[in-house]
file protein_15.txt (compact mmCIF, C-alpha atoms)
# COMPACT_ATOMS: atom_id res chain seq x y z
CA MET B 183 65.43 108.62 106.12
CA ILE B 184 63.69 105.32 106.85
CA LEU B 185 63.52 104.60 103.12
CA LEU B 186 67.28 105.07 102.76
CA THR B 187 67.87 102.78 105.71
CA LEU B 188 65.66 100.10 104.20
CA ILE B 189 67.48 100.32 100.86
CA LEU B 190 70.86 99.99 102.61
CA ALA B 191 69.57 97.06 104.66
CA ALA B 192 68.28 95.27 101.58
CA MET B 193 71.59 95.71 99.75
CA LEU B 194 73.63 94.46 102.68
CA LEU B 195 71.32 91.51 103.29
CA PHE B 196 71.66 90.51 99.64
CA THR B 197 75.45 90.78 99.90
CA GLY B 198 75.49 88.78 103.09
CA CYS B 199 73.53 85.93 101.53
CA GLN B 200 76.02 85.74 98.69
CA SER B 201 79.20 85.88 100.77
CA GLN B 202 78.66 82.59 102.73
CA THR B 203 80.07 84.02 105.91
CA THR B 204 81.77 81.45 108.12
CA GLY B 205 83.80 83.64 110.48
CA THR B 206 83.81 82.68 114.16
CA PRO B 207 84.60 85.70 116.32
CA LYS B 208 85.47 84.83 119.92
CA VAL B 209 82.80 85.20 122.57
CA SER B 210 84.03 86.48 125.92
CA ALA B 211 82.02 86.91 129.08
CA VAL B 212 81.25 90.44 130.25
CA PRO B 213 79.82 90.79 133.79
CA GLU B 214 76.30 92.26 133.78
CA ALA B 215 77.25 94.75 136.48
CA ALA B 216 79.90 96.27 134.24
CA SER B 217 77.79 96.64 131.12
CA PRO B 218 74.15 96.73 129.99
CA GLN B 219 75.06 94.25 127.26
CA PRO B 220 74.04 90.57 127.42
CA ALA B 221 76.22 88.55 129.82
CA GLY B 222 78.04 86.71 127.06
CA CYS B 223 78.22 89.55 124.56
CA PRO B 224 81.53 89.55 122.61
CA GLU B 225 83.68 92.49 123.59
CA TRP B 226 83.75 93.91 120.05
CA PHE B 227 79.97 94.25 120.03
CA VAL B 228 79.96 97.40 122.13
CA ALA B 229 76.82 99.07 120.79
CA PRO B 230 73.94 97.95 123.09
CA LEU B 231 70.63 97.38 121.37
CA LYS B 232 67.53 99.08 122.75
CA GLY B 233 64.39 97.16 123.69
CA GLY B 234 60.89 98.54 124.01
CA CYS B 235 58.81 96.91 121.33
CA LYS B 236 58.02 93.32 120.37
CA GLU B 237 60.43 92.92 117.44
CA ALA B 238 63.35 94.69 119.15
CA ASP B 239 62.88 92.53 122.22
CA GLU B 240 62.78 89.40 120.04
CA ALA B 241 66.06 90.31 118.33
CA ILE B 242 67.78 91.03 121.65
CA ALA B 243 66.46 87.82 123.20
CA TYR B 244 67.74 85.81 120.24
CA LEU B 245 71.23 87.32 120.50
CA GLU B 246 71.27 86.78 124.27
CA THR B 247 70.62 83.09 123.60
CA VAL B 248 73.55 82.97 121.19
CA PHE B 249 75.86 84.99 123.45
CA ASN B 250 75.12 82.81 126.48
CA GLY B 251 75.25 79.50 124.61
CA THR B 252 78.18 77.32 123.66
CA GLU B 253 77.94 78.06 119.94
CA GLU B 254 80.41 80.67 118.71
CA LEU B 255 78.92 83.84 117.36
CA GLN B 256 78.88 84.07 113.57
CA ALA B 257 77.73 86.63 111.04
CA LYS B 258 74.66 84.49 110.36
CA HIS B 259 73.46 85.10 113.93
CA ILE B 260 73.62 88.87 113.55
CA LEU B 261 71.95 88.54 110.15
CA LYS B 262 69.02 86.67 111.73
CA ALA B 263 68.56 89.31 114.46
CA TRP B 264 68.82 92.00 111.81
CA SER B 265 66.11 90.35 109.71
CA ILE B 266 63.72 90.33 112.72
CA VAL B 267 64.11 94.08 113.11
CA ASN B 268 63.95 94.87 109.39
CA LYS B 269 60.84 92.74 108.90
CA ALA B 270 59.00 95.03 111.30
CA LEU B 271 60.33 98.12 109.54
CA THR B 272 59.09 96.89 106.16
CA ALA B 273 55.67 95.72 107.41
CA THR B 274 52.76 96.73 105.16
CA ASP B 275 49.89 95.28 107.21
CA SER B 276 48.38 98.21 109.12
CA ALA B 277 48.10 96.04 112.21
CA MET B 278 51.85 95.32 112.10
CA VAL B 279 53.22 98.76 111.17
CA PRO B 280 55.11 100.21 114.19
CA ASP B 281 54.24 103.63 115.50
CA ALA B 282 56.70 106.51 115.12
CA ALA B 283 58.52 105.89 118.41
CA HIS B 284 58.94 102.17 117.77
CA ALA B 285 59.94 102.81 114.14
CA ALA B 286 62.74 105.11 115.33
CA LEU B 287 63.91 102.48 117.83
CA LEU B 288 63.88 99.75 115.19
CA GLN B 289 65.76 101.97 112.76
CA GLU B 290 68.48 102.58 115.36
CA ASN B 291 68.78 98.87 116.08
CA SER B 292 68.88 98.09 112.36
CA ILE B 293 71.87 100.40 111.88
CA LEU B 294 73.70 98.91 114.87
CA LEU B 295 73.05 95.35 113.70
CA GLY B 296 74.06 96.24 110.15
CA HIS B 297 77.34 97.60 111.44
CA ALA B 298 77.95 94.51 113.59
CA PHE B 299 77.17 92.26 110.62
CA LEU B 300 79.70 94.07 108.42
CA MET B 301 82.32 93.73 111.17
CA ALA B 302 81.78 89.98 111.27
CA VAL B 303 81.91 89.70 107.47
CA ALA B 304 85.17 91.68 107.28
CA HIS B 305 86.67 89.56 110.07
CA ASP B 306 85.67 86.42 108.20
CA LYS B 307 87.35 87.64 105.01
CA LEU B 308 90.54 88.45 106.91
CA LYS B 309 90.55 84.98 108.51
CA GLN B 310 90.27 83.39 105.07
CA GLY B 311 93.63 84.99 104.22
CA ILE B 312 95.03 87.22 101.48
CA GLN B 313 96.88 84.59 99.47
CA THR B 314 95.15 85.41 96.18
CA ARG B 315 94.01 88.56 94.38
CA ASP B 316 90.40 87.50 94.82
CA GLN B 317 90.88 87.24 98.58
CA VAL B 318 92.52 90.69 98.73
CA GLU B 319 89.70 92.20 96.69
CA ALA B 320 87.03 90.47 98.81
CA LEU B 321 88.61 91.82 102.00
CA CYS B 322 88.91 95.32 100.55
CA LEU B 323 85.24 95.27 99.49
CA ALA B 324 84.10 94.12 102.94
CA THR B 325 86.21 96.71 104.77
CA ALA B 326 85.14 99.47 102.38
CA ARG B 327 81.49 98.75 103.25
CA LEU B 328 82.34 98.77 106.95
CA ASN B 329 84.18 102.08 106.55
CA ALA B 330 81.21 103.55 104.70
CA ILE B 331 78.68 102.77 107.44
CA ARG B 332 81.04 104.18 110.07
CA GLN B 333 81.50 107.38 108.12
CA ASP B 334 77.76 107.72 107.51
CA ASN B 335 77.08 107.27 111.24
CA ALA B 336 80.09 109.08 112.67
CA GLN B 337 77.99 111.19 115.02
CA ARG B 338 75.73 108.31 116.10
CA PHE B 339 78.73 106.08 116.89
CA ALA B 340 80.89 108.85 118.39
CA GLU B 341 80.64 107.69 122.02
CA TRP B 342 81.92 104.14 121.56
CA LEU B 343 83.57 103.86 118.14
CA PRO B 344 87.03 105.16 119.21
CA LYS B 345 87.22 102.47 121.90
CA LEU B 346 86.10 99.83 119.44
CA GLU B 347 88.70 100.88 116.86
CA ALA B 348 91.41 100.76 119.53
CA TRP B 349 90.26 97.24 120.44
CA GLU B 350 90.38 96.18 116.78
CA GLN B 351 93.95 97.40 116.42
CA SER B 352 95.07 95.66 119.62
CA HIS B 353 93.52 92.41 118.34
CA ASP B 354 95.58 92.08 115.16
CA ASP B 355 93.53 94.45 112.98
CA TRP B 356 90.39 92.40 113.72
CA CYS B 357 88.39 93.71 110.74
CA GLY B 358 91.31 94.27 108.36
CA LEU B 359 90.85 98.05 108.25
CA ARG B 360 94.56 98.88 108.64
CA LEU B 361 95.42 96.41 105.92
CA PHE B 362 92.71 97.86 103.70
CA GLU B 363 94.34 101.30 103.96
CA GLN B 364 97.48 99.92 102.32
CA PHE B 365 95.52 98.53 99.36
CA ARG B 366 93.07 101.44 99.07
CA ASP B 367 94.65 102.98 95.95
CA LYS B 368 96.71 99.99 94.81
CA GLN B 369 96.16 96.82 92.83
CA PRO B 370 97.72 93.53 94.02
CA VAL B 371 100.17 91.96 91.58
CA ALA B 372 101.92 89.02 93.25
CA ILE B 373 103.12 87.68 96.61
CA LEU B 374 106.80 87.81 97.48
CA PRO B 375 108.48 84.43 98.15
CA GLU B 376 108.19 83.20 101.75
CA LEU B 377 111.92 82.64 102.19
CA TRP B 378 114.29 85.55 102.81
CA MET B 379 118.07 85.56 103.23
CA MET B 380 119.08 86.23 106.85
CA ARG B 381 122.35 87.37 108.45
CA CYS B 382 123.15 88.43 112.02
CA ALA B 383 125.02 91.73 112.40
CA PRO B 384 124.70 95.09 114.20
CA LEU B 385 123.29 98.16 112.47
CA ASP B 386 126.72 99.66 111.74
CA ALA B 387 127.55 96.64 109.58
CA ASN B 388 125.44 98.39 106.94
CA LEU B 389 124.54 95.21 105.07
CA ALA B 390 121.91 97.07 103.06
CA GLN B 391 124.71 98.51 100.93
CA GLU B 392 125.93 95.09 99.82
CA SER B 393 124.97 93.56 96.49
CA ILE B 394 123.06 90.35 96.07
CA GLU B 395 126.31 88.63 95.08
CA GLN B 396 127.96 89.73 98.35
CA TRP B 397 125.00 88.45 100.32
CA ARG B 398 125.07 85.08 98.60
CA ALA B 399 128.82 84.76 99.13
CA THR B 400 128.29 84.78 102.91
CA LYS B 401 125.90 81.81 102.67
CA PRO B 402 123.00 83.45 104.54
CA LEU B 403 120.39 81.38 106.31
CA PRO B 404 116.94 81.04 104.72
CA VAL B 405 114.15 82.31 106.98
CA LYS B 406 110.41 82.95 106.80
CA LEU B 407 108.98 86.20 108.15
CA ALA B 408 106.56 84.17 110.24
CA ALA B 409 109.53 82.54 112.00
CA LEU B 410 111.04 85.81 113.21
CA GLY B 411 108.82 85.84 116.30
CA LYS B 412 109.42 82.21 117.25
CA HIS B 413 112.96 82.41 118.62
CA SER B 414 113.78 81.85 122.26
CA SER B 415 113.52 84.78 124.67
CA ASN B 416 117.31 84.71 125.12
CA ASP B 417 118.00 85.27 121.44
CA HIS B 418 117.98 89.02 120.81
CA SER B 419 120.61 89.19 118.08
CA PRO B 420 119.97 91.93 115.53
CA ILE B 421 119.36 90.48 112.08
CA TRP B 422 119.23 91.58 108.47
CA ILE B 423 116.93 89.96 105.93
CA MET B 424 117.01 90.46 102.17
CA GLN B 425 114.67 89.77 99.28
CA THR B 426 115.60 90.31 95.63
CA ILE B 427 112.56 91.35 93.60
CA GLU B 428 112.25 91.05 89.84
CA GLN B 429 110.55 93.98 88.14
CA PRO B 430 106.96 93.08 87.23
CA GLU B 431 105.18 94.17 84.09
CA VAL B 432 103.09 97.21 84.98
CA GLN B 433 101.17 99.84 83.09
CA GLU B 434 103.02 102.96 82.07
CA GLY B 435 102.81 105.69 84.70
CA MET B 436 102.28 103.21 87.56
CA ASP B 437 104.67 102.64 90.45
CA THR B 438 105.42 99.30 92.07
CA TYR B 439 105.04 98.96 95.82
CA VAL B 440 105.71 96.29 98.40
CA ILE B 441 103.02 96.02 101.10
CA PHE B 442 103.82 94.63 104.55
CA SER B 443 100.87 93.27 106.52
CA ALA B 444 101.22 93.08 110.31
CA PHE B 445 105.02 93.00 110.37
CA ARG B 446 105.81 92.89 114.08
CA GLY B 447 108.79 94.47 115.76
CA ARG B 448 111.22 97.35 115.48
CA CYS B 449 112.70 97.49 112.01
CA VAL B 450 114.36 99.66 109.38
CA ALA B 451 113.61 99.14 105.67
CA PHE B 452 116.04 99.80 102.80
CA VAL B 453 115.50 99.79 99.03
CA ASN B 454 118.70 99.40 97.01
CA GLY B 455 120.71 100.59 100.03
CA THR B 456 118.56 103.68 100.75
CA GLN B 457 116.58 103.83 103.99
CA VAL B 458 112.88 104.29 103.23
CA ALA B 459 111.11 103.48 106.52
CA SER B 460 111.80 103.02 110.23
CA PHE B 461 109.62 101.75 113.10
CA ASP B 462 110.59 101.87 116.78
CA SER B 463 107.75 99.93 118.44
CA ASP B 464 106.86 96.25 118.71
CA GLU B 465 103.28 96.63 117.51
CA PRO B 466 102.15 95.26 114.13
CA HIS B 467 103.19 97.61 111.32
CA TYR B 468 101.19 97.99 108.11
CA PHE B 469 103.15 99.91 105.51
CA SER B 470 103.85 100.17 101.80
CA ILE B 471 107.17 101.08 100.18
CA PRO B 472 107.72 102.29 96.59
CA LEU B 473 110.37 100.26 94.81
CA ASN B 474 113.15 101.37 92.46
CA PHE B 475 114.53 98.87 89.97
CA LYS B 476 118.04 98.70 88.55
CA ASP B 477 118.53 96.30 85.65
CA LYS B 478 114.98 95.09 86.38
CA GLN B 479 115.89 94.07 89.94
CA CYS B 480 115.43 95.58 93.38
CA ASN B 481 117.11 94.63 96.66
CA LEU B 482 114.77 94.99 99.64
CA VAL B 483 116.46 94.74 103.05
CA LEU B 484 115.01 94.88 106.57
CA PHE B 485 117.09 95.40 109.70
CA VAL B 486 115.38 93.93 112.77
CA SER B 487 117.01 95.19 115.97
CA GLU B 488 115.41 92.55 118.20
CA ARG B 489 113.58 89.35 117.40
CA THR B 490 110.24 90.05 118.96
CA SER B 491 108.65 87.37 121.10
CA LEU B 492 105.15 88.64 120.29
CA PRO B 493 102.83 86.30 118.38
CA PHE B 494 103.39 86.79 114.68
CA VAL B 495 100.59 87.15 112.16
CA PRO B 496 101.92 85.39 109.05
CA LEU B 497 100.26 87.49 106.37
CA PRO B 498 102.08 87.53 103.04
CA VAL B 499 104.05 90.46 101.63
CA TRP B 500 102.44 91.69 98.43
CA LEU B 501 103.70 93.48 95.36
CA ALA B 502 101.18 96.04 94.16
CA THR B 503 100.89 98.84 91.65
CA GLY B 504 99.56 102.33 92.13
CA LYS B 505 99.47 105.68 90.39
CA LYS B 506 102.72 107.56 90.33
CA THR B 507 102.82 110.29 92.94
CA VAL B 508 103.38 113.74 91.42
CA PRO B 509 105.44 115.98 93.74
CA PRO B 510 103.94 119.42 94.42
CA LYS B 511 105.25 122.32 92.33
CA ARG B 512 107.63 124.64 94.06
CA PRO B 513 106.79 128.37 94.07

call {"tool": "encode", "arguments": {"input": "protein_15.txt", "output": "structure tokens"}}
result
Amino acid sequence: MILLTLILAAMLLFTGCQSQTTGTPKVSAVPEAASPQPAGCPEWFVAPLKGGCKEADEAIAYLETVFNGTEELQAKHILKAWSIVNKALTATDSAMVPDAAHAALLQENSILLGHAFLMAVAHDKLKQGIQTRDQVEALCLATARLNAIRQDNAQRFAEWLPKLEAWEQSHDDWCGLRLFEQFRDKQPVAILPELWMMRCAPLDANLAQESIEQWRATKPLPVKLAALGKHSSNDHSPIWIMQTIEQPEVQEGMDTYVIFSAFRGRCVAFVNGTQVASFDSDEPHYFSIPLNFKDKQCNLVLFVSERTSLPFVPLPVWLATGKKTVPPKRP
């Protein structure tokens, strides 16, 4: 078991050195009376490390210095604490080799620090954006590694992981895991244009049934998705937005999807006039929609019942391809 842990640690350390992590997660104070964690421990770092031997105490003391200082916590800080612990685990000098009890403690701390490091790396990749295919693939790789360590340690993390995952979702998908789910079985193709056509009308106006020519004839306003959450609190007019998508070149047997990342607000989505999705809460929505093309074009329309005043996360809308879904055979 220790050998497997050491192999995993070595692989992740090598990856971390290559990725040039620059993410700066926020550090928020946590009263000592409310938690055994260091006083300045960031709220996402919920797994307390255990002291009891020289190297574990050194790693904890180092992180306490970072948490309580003015410097923002970065992945490099966790990596340094991790290296202190792993150096003791890999010691070959008989005078330095920890006994069984200390080895078990160091192994536990190594797993917790490895998980925290992967969280910081994934957060850093998400902060860098998903404007290019390389950025999407880098984020998916980082979140896949984070998912893997959580699955491998599901029982060990059972007490605190659900709370942590809830915190991540309430903080704009902090590690990008919800976004990763949308790209899990899909390949990014291109980003949709930022500007959409916008018209104000109630739901019964049924603007999703209109053609692109009808939309253009009404001289709709151009709008960016990121601007939908920046209207005044008194402006709650329902709006319709449209995007005309040209059919991309894809491999035979592959479907084309549009992937929305952190779209905030209640909305209904239509493809060529057919409703394909509906959301009735103001939280960020991560969803993918299969597209149908007519004459190599597709009209994508969103009805937004209220212009949410929540902060908007301006992540781009991606076109992606994925394997065609085969419906189950009927008996």

call {"tool": "atom_distance", "arguments": {"input": "protein_15.txt", "atom1": "CA of Leu288 (chain B)", "atom2": "CA of Ala243 (chain B)"}}
result
14.6 Å

call {"tool": "residues_around", "arguments": {"input": "protein_15.txt", "residues": "region 381-392 of chain B", "least_positions_apart": "6", "cutoff": "8 Å", "atoms": "only C-alpha atoms", "output": "PyMOL selection string"}}
result
chain B and resi 402-403+419-423+452+454-456+483+485+487

call {"tool": "closest_residue", "arguments": {"input": "protein_15.txt", "among": "B:Ile266, B:Leu343, B:Lys476, B:Phe442", "to": "Glu363 (chain B)", "atoms": "only C-alpha atoms"}}
result
B:Phe442

call {"tool": "closest_residue", "arguments": {"input": "protein_15.txt", "among": "B:Ala326, B:Ala372, B:Glu225, B:Ala273", "to": "His353 (chain B)", "atoms": "all atoms listed in the file"}}
result
B:Glu225

call {"tool": "residues_near_point", "arguments": {"input": "protein_15.txt", "point": "(108.2, 89.7, 99.4)", "cutoff": "12 Å", "atoms": "only C-alpha atoms", "output": "MDAnalysis selection string"}}
result
chainID B and resid 371:379 406:407 423:428 439:443 445 470:471 473 480:484 497:502

call {"tool": "closest_residue", "arguments": {"input": "protein_15.txt", "among": "B:Asp355, B:Asp306, B:Asp281, B:Asp316", "to": "Tyr468 (chain B)", "atoms": "only C-alpha atoms"}}
result
B:Asp355

call {"tool": "closest_residue", "arguments": {"input": "protein_15.txt", "among": "B:Pro404, B:Ala409, B:Leu300, B:Ala285", "to": "Lys258 (chain B)", "atoms": "only C-alpha atoms"}}
result
B:Leu300

call {"tool": "atom_distance", "arguments": {"input": "protein_15.txt", "atom1": "CA of Gln313 (chain B)", "atom2": "CA of Ala348 (chain B)"}}
result
26.3 Å

call {"tool": "residues_near_point", "arguments": {"input": "protein_15.txt", "point": "(73.7, 91.7, 115.5)", "cutoff": "8 Å", "atoms": "all atoms listed in the file", "output": "list in words"}}
result
Leu245, Ala257, His259, Ile260, Leu261, Lys262, Ala263, Trp264, Leu294, Leu295, Gly296, Ala298 and Phe299 of chain B

call {"tool": "closest_residue", "arguments": {"input": "protein_15.txt", "among": "B:Leu361, B:Leu346, B:Cys449, B:Ala399", "to": "Cys322 (chain B)", "atoms": "all atoms listed in the file"}}
result
B:Leu361

call {"tool": "residues_around", "arguments": {"input": "protein_15.txt", "residues": "Leu321 (chain B)", "least_positions_apart": "3", "cutoff": "6 Å", "atoms": "only C-alpha atoms", "output": "list of chain:residue names"}}
result
B:Lys307, B:Val318, B:Ala324

call {"tool": "atom_distance", "arguments": {"input": "protein_15.txt", "atom1": "CA of Lys478 (chain B)", "atom2": "CA of Gln429 (chain B)"}}
result
4.9 Å

call {"tool": "closest_residue", "arguments": {"input": "protein_15.txt", "among": "B:Pro472, B:Pro370, B:Pro280, B:Gly435", "to": "Thr314 (chain B)", "atoms": "only C-alpha atoms"}}
result
B:Pro370

call {"tool": "build_atoms", "arguments": {"input": "protein_15.txt", "residues": "region 301-320 of chain B", "atoms": "N, CA and C atoms", "output": "tab-separated table (two decimals), keeping the file's coordinate frame"}}
result
chain	number	residue	atom	x	y	z
B	301	MET	N	81.11	94.06	110.42
B	301	MET	CA	82.32	93.73	111.17
B	301	MET	C	82.62	92.24	111.08
B	302	ALA	N	81.59	91.42	111.30
B	302	ALA	CA	81.78	89.98	111.27
B	302	ALA	C	82.16	89.50	109.88
B	303	VAL	N	81.57	90.09	108.85
B	303	VAL	CA	81.91	89.70	107.47
B	303	VAL	C	83.36	90.05	107.17
B	304	ALA	N	83.79	91.27	107.54
B	304	ALA	CA	85.17	91.68	107.28
B	304	ALA	C	86.15	90.78	108.04
B	305	HIS	N	85.82	90.45	109.29
B	305	HIS	CA	86.67	89.56	110.07
B	305	HIS	C	86.78	88.19	109.40
B	306	ASP	N	85.67	87.71	108.88
B	306	ASP	CA	85.67	86.42	108.20
B	306	ASP	C	86.57	86.45	106.97
B	307	LYS	N	86.50	87.53	106.20
B	307	LYS	CA	87.35	87.64	105.01
B	307	LYS	C	88.82	87.68	105.39
B	308	LEU	N	89.15	88.38	106.48
B	308	LEU	CA	90.54	88.45	106.91
B	308	LEU	C	91.03	87.07	107.36
B	309	LYS	N	90.17	86.32	108.06
B	309	LYS	CA	90.55	84.98	108.51
B	309	LYS	C	90.79	84.04	107.34
B	310	GLN	N	90.08	84.26	106.24
B	310	GLN	CA	90.27	83.39	105.07
B	310	GLN	C	91.62	83.61	104.42
B	311	GLY	N	92.29	84.73	104.73
B	311	GLY	CA	93.63	84.99	104.22
B	311	GLY	C	93.64	85.95	103.05
B	312	ILE	N	94.84	86.35	102.64
B	312	ILE	CA	95.03	87.22	101.48
B	312	ILE	C	96.09	86.60	100.58
B	313	GLN	N	95.91	85.32	100.28
B	313	GLN	CA	96.88	84.59	99.47
B	313	GLN	C	96.64	84.76	97.97
B	314	THR	N	95.48	85.23	97.59
B	314	THR	CA	95.15	85.41	96.18
B	314	THR	C	94.60	86.81	95.96
B	315	ARG	N	94.58	87.24	94.70
B	315	ARG	CA	94.01	88.56	94.38
B	315	ARG	C	92.53	88.61	94.74
B	316	ASP	N	91.82	87.53	94.49
B	316	ASP	CA	90.40	87.50	94.82
B	316	ASP	C	90.18	87.70	96.31
B	317	GLN	N	91.02	87.09	97.14
B	317	GLN	CA	90.88	87.24	98.58
B	317	GLN	C	91.18	88.67	99.02
B	318	VAL	N	92.20	89.29	98.41
B	318	VAL	CA	92.52	90.69	98.73
B	318	VAL	C	91.35	91.58	98.34
B	319	GLU	N	90.80	91.36	97.15
B	319	GLU	CA	89.70	92.20	96.69
B	319	GLU	C	88.44	91.99	97.53
B	320	ALA	N	88.19	90.75	97.96
B	320	ALA	CA	87.03	90.47	98.81
B	320	ALA	C	87.17	91.17	100.16
